[in-house]
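File shown: structure28.txt (compact mmCIF, C-alpha atoms).
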# COMPACT_ATOMS: atom_id res chain seq x y z
CA MET A 29 20.01 -10.46 72.09
CA LYS A 30 20.74 -12.52 69.04
CA THR A 31 17.03 -12.97 68.32
CA ALA A 32 16.38 -9.25 68.73
CA PHE A 33 19.20 -8.40 66.32
CA ILE A 34 17.85 -10.77 63.67
CA SER A 35 14.36 -9.29 63.98
CA PHE A 36 15.72 -5.76 63.67
CA PHE A 37 17.83 -6.74 60.66
CA SER A 38 14.86 -8.41 58.95
CA PHE A 39 12.75 -5.31 59.59
CA PHE A 40 15.53 -3.12 58.11
CA LEU A 41 15.67 -5.28 54.96
CA LEU A 42 11.90 -5.10 54.65
CA ILE A 43 12.04 -1.29 54.72
CA LEU A 44 14.75 -1.26 52.05
CA SER A 45 12.71 -3.64 49.93
CA GLY A 46 9.68 -1.40 50.29
CA CYS A 47 11.67 1.67 49.26
CA SER A 48 13.00 -0.19 46.24
CA SER A 49 9.50 -1.28 45.30
CA ASP A 50 8.18 2.27 45.71
CA SER A 51 10.95 3.55 43.48
CA ASN A 52 10.02 1.10 40.74
CA ASP A 53 6.34 1.87 41.09
CA ASN A 54 6.96 5.55 40.32
CA SER A 55 7.46 4.71 36.63
CA THR A 56 4.82 1.99 36.42
CA PRO A 57 1.71 4.21 36.34
CA GLN A 58 3.21 6.25 33.50
CA GLN A 59 3.92 3.13 31.49
CA LEU A 60 0.44 1.78 32.08
CA ASP A 61 -1.14 5.10 31.14
CA GLU A 62 0.64 5.20 27.77
CA THR A 63 -1.84 2.89 26.07
CA PRO A 64 -1.47 2.69 22.30
CA GLU A 65 -3.84 4.87 20.33
CA THR A 66 -6.36 2.76 18.44
CA ILE A 67 -6.51 3.25 14.70
CA TYR A 68 -9.33 5.50 13.52
CA PHE A 69 -11.68 4.63 10.66
CA PRO A 70 -13.89 7.32 9.09
CA PRO A 71 -17.58 6.33 9.08
CA ILE A 72 -19.07 4.89 5.91
CA GLY A 73 -21.56 7.10 4.09
CA SER A 74 -20.38 10.27 5.80
CA SER A 75 -18.00 13.11 5.03
CA THR A 76 -16.83 13.07 8.66
CA TRP A 77 -13.14 12.33 9.12
CA GLU A 78 -11.50 13.07 12.44
CA THR A 79 -8.30 15.09 12.57
CA LYS A 80 -5.34 15.52 14.88
CA THR A 81 -3.13 18.56 15.13
CA ILE A 82 0.49 18.81 14.06
CA ALA A 83 1.36 19.46 17.70
CA GLU A 84 -0.31 16.19 18.73
CA VAL A 85 1.94 14.19 16.42
CA GLY A 86 5.01 16.26 17.31
CA TRP A 87 5.88 17.38 13.80
CA ASN A 88 7.51 20.60 12.64
CA GLU A 89 4.67 22.98 11.86
CA ASP A 90 6.96 25.50 10.17
CA GLN A 91 7.82 22.87 7.53
CA LEU A 92 4.23 22.29 6.40
CA GLN A 93 3.95 25.30 4.11
CA PRO A 94 7.26 24.61 2.32
CA LEU A 95 5.99 21.06 1.70
CA LEU A 96 2.68 22.31 0.28
CA ASP A 97 4.41 24.96 -1.82
CA TYR A 98 6.68 22.30 -3.28
CA LEU A 99 3.72 20.05 -4.06
CA GLU A 100 1.82 22.84 -5.81
CA GLU A 101 4.88 23.75 -7.85
CA LYS A 102 5.17 20.08 -8.89
CA ASN A 103 1.70 19.94 -10.50
CA THR A 104 -0.01 18.24 -7.58
CA LYS A 105 -3.81 18.13 -7.51
CA SER A 106 -4.28 16.77 -3.99
CA PHE A 107 -2.26 15.67 -1.00
CA MET A 108 -3.19 14.11 2.31
CA MET A 109 -1.46 12.60 5.35
CA LEU A 110 -3.09 10.22 7.80
CA HIS A 111 -1.58 9.38 11.18
CA ASN A 112 -3.16 6.29 12.70
CA GLY A 113 -6.15 6.91 10.48
CA LYS A 114 -6.79 10.55 11.34
CA ILE A 115 -6.07 13.41 8.94
CA VAL A 116 -3.24 15.57 10.23
CA THR A 117 -4.62 19.11 10.25
CA GLY A 118 -3.42 21.21 7.34
CA THR A 119 -2.11 18.33 5.26
CA GLU A 120 -5.30 17.68 3.28
CA SER A 121 -4.76 20.12 0.46
CA TYR A 122 -6.29 20.67 -2.98
CA MET A 123 -4.46 22.76 -5.53
CA ASN A 124 -4.03 23.54 -9.21
CA GLY A 125 -7.78 23.66 -9.81
CA HIS A 126 -8.68 20.44 -7.99
CA SER A 127 -11.24 19.99 -5.18
CA GLU A 128 -12.21 17.53 -2.47
CA SER A 129 -15.11 16.12 -4.54
CA ALA A 130 -13.26 15.94 -7.87
CA SER A 131 -12.13 12.59 -9.25
CA TRP A 132 -8.68 11.80 -10.58
CA TYR A 133 -7.13 8.68 -12.08
CA TRP A 134 -5.09 6.27 -10.00
CA ALA A 135 -3.21 4.92 -13.02
CA SER A 136 -1.05 1.95 -11.95
CA ALA A 137 -1.50 2.78 -8.27
CA GLY A 138 -4.88 1.12 -8.88
CA LYS A 139 -3.15 -2.19 -9.55
CA THR A 140 -3.11 -2.66 -5.79
CA LEU A 141 -6.93 -2.67 -5.80
CA THR A 142 -6.70 -5.78 -7.98
CA THR A 143 -4.24 -7.24 -5.48
CA ALA A 144 -6.62 -6.68 -2.56
CA VAL A 145 -9.62 -8.17 -4.40
CA SER A 146 -7.50 -11.17 -5.45
CA GLY A 147 -6.78 -11.75 -1.77
CA ILE A 148 -10.47 -11.44 -0.87
CA ALA A 149 -11.46 -13.95 -3.57
CA GLN A 150 -8.81 -16.35 -2.29
CA ASP A 151 -9.94 -15.86 1.31
CA GLU A 152 -13.47 -16.75 0.17
CA GLY A 153 -12.23 -19.95 -1.47
CA LEU A 154 -13.09 -18.82 -4.98
CA LEU A 155 -9.55 -19.12 -6.31
CA ASP A 156 -5.99 -20.01 -5.37
CA ILE A 157 -3.29 -17.68 -6.68
CA ASN A 158 -0.95 -20.67 -6.99
CA ASN A 159 -3.23 -22.20 -9.63
CA LYS A 160 -2.53 -21.64 -13.29
CA VAL A 161 -4.46 -18.87 -15.03
CA SER A 162 -5.89 -21.29 -17.59
CA ASP A 163 -7.75 -23.07 -14.76
CA TYR A 164 -10.03 -20.03 -14.73
CA LEU A 165 -9.81 -18.55 -18.24
CA GLY A 166 -9.39 -21.75 -20.22
CA THR A 167 -6.49 -22.42 -22.57
CA GLY A 168 -5.60 -20.07 -25.40
CA TRP A 169 -5.72 -16.86 -23.38
CA THR A 170 -2.17 -16.21 -24.68
CA SER A 171 -0.46 -17.06 -27.98
CA ALA A 172 2.16 -19.13 -26.14
CA SER A 173 2.29 -22.86 -26.60
CA LEU A 174 0.06 -24.81 -24.25
CA ASP A 175 2.92 -26.10 -22.13
CA LYS A 176 4.34 -22.59 -21.69
CA GLU A 177 0.94 -21.00 -21.08
CA ASN A 178 0.20 -23.57 -18.37
CA LEU A 179 3.30 -22.47 -16.48
CA ILE A 180 1.69 -19.08 -15.77
CA THR A 181 -0.06 -18.88 -12.40
CA CYS A 182 -2.21 -16.14 -10.94
CA LYS A 183 0.69 -15.39 -8.62
CA ASN A 184 2.88 -14.75 -11.67
CA LEU A 185 0.39 -12.12 -12.84
CA LEU A 186 0.46 -10.42 -9.42
CA SER A 187 4.26 -10.61 -9.28
CA MET A 188 4.91 -9.37 -12.86
CA ASN A 189 6.91 -12.46 -13.81
CA SER A 190 4.58 -14.15 -16.29
CA GLY A 191 7.33 -14.45 -18.90
CA LEU A 192 5.15 -12.76 -21.53
CA ASP A 193 6.61 -10.11 -23.83
CA ASP A 194 6.20 -6.64 -22.28
CA THR A 195 7.33 -4.76 -25.41
CA LEU A 196 4.13 -5.22 -27.43
CA GLY A 197 1.95 -2.62 -25.76
CA ASP A 198 -1.00 -2.74 -23.37
CA ASP A 199 -3.33 -4.90 -25.46
CA VAL A 200 -4.02 -8.15 -23.61
CA SER A 201 -5.72 -10.06 -26.42
CA PRO A 202 -4.19 -13.52 -26.99
CA ALA A 203 -2.32 -12.41 -30.12
CA ASN A 204 -0.51 -9.75 -28.12
CA LEU A 205 0.45 -12.00 -25.21
CA GLN A 206 3.51 -13.74 -26.58
CA TYR A 207 6.01 -16.01 -24.88
CA ILE A 208 9.48 -14.64 -24.20
CA ALA A 209 10.59 -16.67 -21.15
CA ASP A 210 9.23 -19.31 -18.82
CA ALA A 211 7.01 -17.95 -16.08
CA GLY A 212 9.11 -17.02 -13.07
CA ASP A 213 12.32 -16.52 -15.04
CA ARG A 214 11.88 -12.88 -16.05
CA TRP A 215 10.41 -9.84 -14.27
CA ALA A 216 8.74 -7.24 -16.51
CA TYR A 217 6.17 -4.55 -15.78
CA HIS A 218 3.27 -5.61 -17.98
CA ASN A 219 -0.44 -4.85 -18.36
CA VAL A 220 -1.13 -8.60 -18.40
CA TYR A 221 -1.78 -8.34 -14.64
CA VAL A 222 -5.27 -7.10 -15.62
CA LYS A 223 -6.18 -10.68 -16.55
CA MET A 224 -6.53 -11.22 -12.79
CA GLN A 225 -9.72 -9.17 -13.04
CA ASP A 226 -11.02 -11.69 -15.58
CA VAL A 227 -9.92 -14.55 -13.33
CA ILE A 228 -11.85 -13.04 -10.42
CA ALA A 229 -14.94 -12.49 -12.58
CA GLN A 230 -14.89 -16.12 -13.72
CA ALA A 231 -14.17 -17.50 -10.26
CA SER A 232 -16.92 -15.43 -8.62
CA ASN A 233 -19.45 -15.90 -11.45
CA ASP A 234 -19.91 -12.13 -11.38
CA THR A 235 -18.62 -9.08 -13.21
CA TRP A 236 -15.34 -7.56 -12.06
CA ASP A 237 -17.02 -4.23 -11.29
CA ASN A 238 -19.75 -5.81 -9.20
CA TYR A 239 -17.49 -8.15 -7.25
CA PHE A 240 -15.07 -5.29 -6.59
CA ALA A 241 -17.89 -3.10 -5.28
CA LEU A 242 -19.43 -5.78 -3.07
CA SER A 243 -16.20 -7.19 -1.67
CA LEU A 244 -14.14 -4.03 -1.18
CA LYS A 245 -15.42 -0.64 -2.34
CA ASN A 246 -18.73 -0.57 -0.45
CA LYS A 247 -17.29 -2.16 2.69
CA ILE A 248 -14.85 0.72 3.29
CA GLY A 249 -16.98 3.55 1.93
CA MET A 250 -15.02 4.28 -1.25
CA SER A 251 -16.44 6.10 -4.24
CA GLY A 252 -15.12 5.86 -7.80
CA ILE A 253 -15.45 3.93 -11.04
CA TRP A 254 -13.39 1.68 -13.30
CA THR A 255 -12.90 3.05 -16.80
CA ASP A 256 -11.52 1.29 -19.88
CA LEU A 257 -8.91 3.55 -21.45
CA GLY A 258 -7.62 1.84 -24.57
CA GLY A 259 -7.42 -1.59 -22.97
CA LEU A 260 -6.24 -0.25 -19.62
CA SER A 261 -8.54 -0.75 -16.64
CA VAL A 262 -8.11 2.54 -14.76
CA TYR A 263 -9.75 3.56 -11.49
CA PHE A 264 -10.96 7.12 -10.89
CA SER A 265 -11.97 8.47 -7.48
CA ASN A 266 -11.65 11.41 -5.14
CA THR A 267 -8.65 11.70 -2.85
CA ARG A 268 -10.38 10.53 0.30
CA SER A 269 -11.41 7.29 -1.37
CA MET A 270 -7.77 6.62 -2.21
CA ALA A 271 -6.94 7.39 1.42
CA ARG A 272 -9.61 4.96 2.64
CA PHE A 273 -7.98 2.18 0.66
CA GLY A 274 -4.52 3.10 1.95
CA LEU A 275 -5.91 3.07 5.49
CA LEU A 276 -7.39 -0.42 5.02
CA ILE A 277 -4.03 -1.76 3.88
CA SER A 278 -2.16 -0.01 6.71
CA ALA A 279 -4.60 -1.64 9.16
CA ASN A 280 -3.58 -5.08 7.88
CA GLY A 281 -6.76 -5.53 5.87
CA LYS A 282 -9.15 -4.72 8.69
CA TRP A 283 -11.87 -2.03 8.71
CA GLU A 284 -13.08 -1.38 12.24
CA ASP A 285 -13.97 -4.91 13.46
CA THR A 286 -14.26 -6.54 10.03
CA GLN A 287 -11.39 -8.33 8.30
CA ILE A 288 -11.84 -7.37 4.64
CA VAL A 289 -8.73 -9.08 3.28
CA SER A 290 -6.63 -11.46 5.34
CA GLU A 291 -3.50 -10.23 7.06
CA ASN A 292 -1.59 -13.28 5.84
CA PHE A 293 -2.32 -12.43 2.22
CA LEU A 294 -1.31 -8.78 2.70
CA ASN A 295 1.93 -9.86 4.36
CA GLU A 296 2.71 -11.79 1.18
CA ALA A 297 1.58 -8.91 -1.03
CA THR A 298 3.82 -6.36 0.68
CA ASN A 299 6.96 -8.46 0.75
CA THR A 300 9.24 -9.58 -2.11
CA SER A 301 7.18 -11.88 -4.32
CA GLN A 302 9.88 -13.37 -6.58
CA ASN A 303 13.68 -13.61 -6.75
CA ILE A 304 14.36 -11.11 -9.54
CA ASN A 305 13.00 -7.73 -8.40
CA GLU A 306 13.42 -7.52 -4.63
CA ALA A 307 11.45 -4.27 -4.53
CA TYR A 308 8.20 -5.76 -5.83
CA GLY A 309 5.44 -7.64 -4.04
CA TYR A 310 2.01 -8.37 -5.48
CA LEU A 311 1.71 -5.14 -7.51
CA TRP A 312 3.08 -3.18 -4.50
CA TRP A 313 6.48 -1.45 -4.63
CA LEU A 314 8.74 -2.08 -1.63
CA ASN A 315 11.35 0.20 -0.13
CA GLY A 316 14.36 -0.86 1.94
CA LYS A 317 15.62 -3.58 -0.41
CA SER A 318 19.17 -3.91 -1.71
CA SER A 319 18.20 -3.52 -5.38
CA TYR A 320 15.25 -2.89 -7.70
CA HIS A 321 14.06 -3.09 -11.31
CA LEU A 322 12.01 -0.46 -13.15
CA PRO A 323 9.33 -0.64 -15.86
CA GLN A 324 10.53 -1.12 -19.43
CA SER A 325 13.98 -2.20 -18.32
CA GLN A 326 15.77 -5.45 -17.55
CA LEU A 327 18.49 -3.65 -15.60
CA GLU A 328 18.98 -4.19 -11.90
CA PHE A 329 19.67 -0.99 -9.97
CA PRO A 330 21.57 -1.20 -6.68
CA GLY A 331 20.23 0.44 -3.52
CA GLU A 332 16.84 1.29 -2.13
CA LEU A 333 13.89 2.30 -4.26
CA ILE A 334 13.41 5.64 -2.44
CA PRO A 335 16.44 6.32 -0.21
CA ASN A 336 14.83 9.23 1.66
CA ALA A 337 11.77 7.18 2.61
CA PRO A 338 11.58 4.89 5.66
CA GLN A 339 12.87 1.40 4.96
CA ASP A 340 9.57 -0.26 5.83
CA MET A 341 7.58 1.96 3.46
CA TYR A 342 5.67 0.26 0.66
CA ALA A 343 3.82 2.07 -2.09
CA ALA A 344 1.23 1.99 -4.84
CA LEU A 345 2.84 3.96 -7.65
CA GLY A 346 0.98 5.11 -10.76
CA LYS A 347 1.85 6.85 -13.99
CA ASN A 348 2.59 10.56 -13.67
CA ASP A 349 3.12 10.41 -9.91
CA GLN A 350 -0.04 8.98 -8.42
CA LYS A 351 1.05 7.79 -4.98
CA ILE A 352 -0.10 5.84 -1.96
CA TYR A 353 2.70 5.57 0.60
CA VAL A 354 2.18 3.29 3.62
CA VAL A 355 4.69 3.47 6.48
CA PRO A 356 3.87 1.02 9.31
CA SER A 357 6.65 2.23 11.64
CA LYS A 358 5.31 5.78 11.57
CA LYS A 359 1.57 4.89 11.35
CA LEU A 360 1.42 6.93 8.14
CA VAL A 361 -0.62 6.82 4.97
CA ILE A 362 0.22 9.52 2.43
CA ILE A 363 -1.71 10.27 -0.76
CA ARG A 364 -0.60 12.32 -3.76
CA MET A 365 -2.64 12.80 -6.94
CA GLY A 366 -1.91 15.06 -9.87
CA GLU A 367 -0.12 15.64 -13.11
CA SER A 368 3.44 14.44 -13.54
CA ALA A 369 5.81 16.34 -11.27
CA GLU A 370 8.40 16.52 -14.03
CA GLY A 371 8.60 14.27 -17.10
CA SER A 372 6.15 11.49 -17.87
CA ASN A 373 6.84 8.29 -15.92
CA PHE A 374 5.31 4.85 -15.39
CA ALA A 375 5.76 4.48 -11.63
CA LEU A 376 8.86 5.62 -9.76
CA SER A 377 10.38 9.04 -10.50
CA THR A 378 12.97 11.36 -8.97
CA PHE A 379 9.99 13.20 -7.48
CA ASP A 380 9.50 10.36 -4.96
CA ASN A 381 12.87 10.91 -3.32
CA GLU A 382 12.63 14.70 -3.44
CA LEU A 383 9.13 14.60 -1.94
CA TRP A 384 10.31 12.38 0.89
CA GLY A 385 13.06 14.87 1.64
CA LYS A 386 10.36 17.50 2.19
CA ILE A 387 8.17 15.11 4.16
CA ASN A 388 11.10 14.21 6.42
CA ALA A 389 11.70 17.87 7.24
CA PHE A 390 8.05 18.05 8.31
CA ILE A 391 7.69 14.85 10.33
CA ASN A 392 11.14 14.45 11.94

Write out the structure in this file as structure tokens.
Amino acid sequence: MKTAFISFFSFFLLILSGCSSDSNDNSTPQQLDETPETIYFPPIGSSTWETKTIAEVGWNEDQLQPLLDYLEEKNTKSFMMLHNGKIVTGTESYMNGHSESASWYWASAGKTLTTAVSGIAQDEGLLDINNKVSDYLGTGWTSASLDKENLITCKNLLSMNSGLDDTLGDDVSPANLQYIADAGDRWAYHNVYVKMQDVIAQASNDTWDNYFALSLKNKIGMSGIWTDLGGLSVYFSNTRSMARFGLLISANGKWEDTQIVSENFLNEATNTSQNINEAYGYLWWLNGKSSYHLPQSQLEFPGELIPNAPQDMYAALGKNDQKIYVVPSKKLVIIRMGESAEGSNFALSTFDNELWGKINAFIN
């Protein structure tokens, strides 16, 4: 009797265990089926770019038109939203006389192209951003004393803390690059970053334009040209080329199966690069920090750069509201090109926060 009871009890426990296992298994197939969507890359040399519908991403379709109306009212030329690499239907929009094939200037948003190519050159062993600039350009590239000039590294150029005087205009001839503080001691938005293009040219034994095209532009299918505008190296391209670059960065430097710029370098570039302006990486602006500095000012402003934007958003910001927003948590790349939304500006403007208010109504 005792043996029979034990056998029955064991059988009963086995049934309960099976029921419990079955119950758990009911959710398992669903979890296994929800495989992450792979990031999409538009083919090189083609106008093809896959789309996904607003319904597929679960956004508020009735908020798209108010967003586009606002953009048109704010002097926008083009706008585009990518979700995991695909264009969200209806968001690619050209207005105020612009078109898909027309070029527009990136202004300082194009600084981030120099960042990416600096990373590529370092990955290839051509340079080290921790080395001093004079290792590549020779001494006398500034009017600072030799000991002060030799404090300036390539990383200082990318971080905007060279210590050179930012009040003397955009000319980067030696006479105009004057010492004001030791490198690393002062953050100031300054055109001297463009000397990194000269560093790369010297290190690669090539021209900047050619190395840029071979190492980055051609590999991701961008169009566009660099133009010298009064000493400023400014990139012009169509909107989709800007989106291709934003997509590369959002994919941690990878294009399909090819690593164009190392993920480690981009992690550095899109995090705080120095201890003065928390909201600045290597020529990238960073949201979600406790304070920030702005061009042409030594003031520290409390709070986030763009309060309405996601905290993990980072951005390429150019004069008169040229924008590349990258939001890893939402798999988003957003492009805006055009005239200034309001008054002239060098990077950040009140338009950024207002625009994100409209975007939030659409995507949340």

| query | A:Glu382, A:Glu152, A:Asp175, A:Glu128: which is nearest Ile288 (chain A), counting all atoms listed in the file? | reply |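 The closest residue to Ile288 (chain A) is A:Glu152.
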
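Nearest-residue note for Gln225 (chain A): choosing from A:Gly147, A:Pro70, A:Gly366, A:Gly274, the minimum distance belongs to A:Gly147, counting all atoms listed in the file.
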
Can you work out the spacing between CA of Leu294 (chain A) and CA of Tyr310 (chain A) in Å, to one decimal?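 Between CA of Leu294 (chain A) and CA of Tyr310 (chain A) the gap is 8.8 Å.
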
_I'd like to know which of A:Leu260, A:Ala344, A:Leu327, A:Ile228 is closest to Ile157 (chain A), using all atoms listed in the file._
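Result for the nearest residue to Ile157 (chain A): A:Ile228.
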
Find the nearest atom pair between each residue of region 71-190 of chain A and region 339-343 of chain A for residues within 12 Å, count all atoms listed in the file, give distances in Å to one decimal, sort rows by chain and ascending number, and present the table as a Markdown table.
| residue | atom | partner | partner_atom | distance |
| --- | --- | --- | --- | --- |
| A:Ser136 | CA | A:Ala343 | CA | 11.0 |
| A:Ala137 | CA | A:Ala343 | CA | 8.2 |
| A:Gly138 | CA | A:Ala343 | CA | 11.1 |
| A:Lys139 | CA | A:Ala343 | CA | 11.1 |
| A:Thr140 | CA | A:Ala343 | CA | 9.2 |

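Closest to Lys245 (chain A) among A:Thr167, A:Thr298, A:Thr79, A:Thr142 is A:Thr142, based on all atoms listed in the file.
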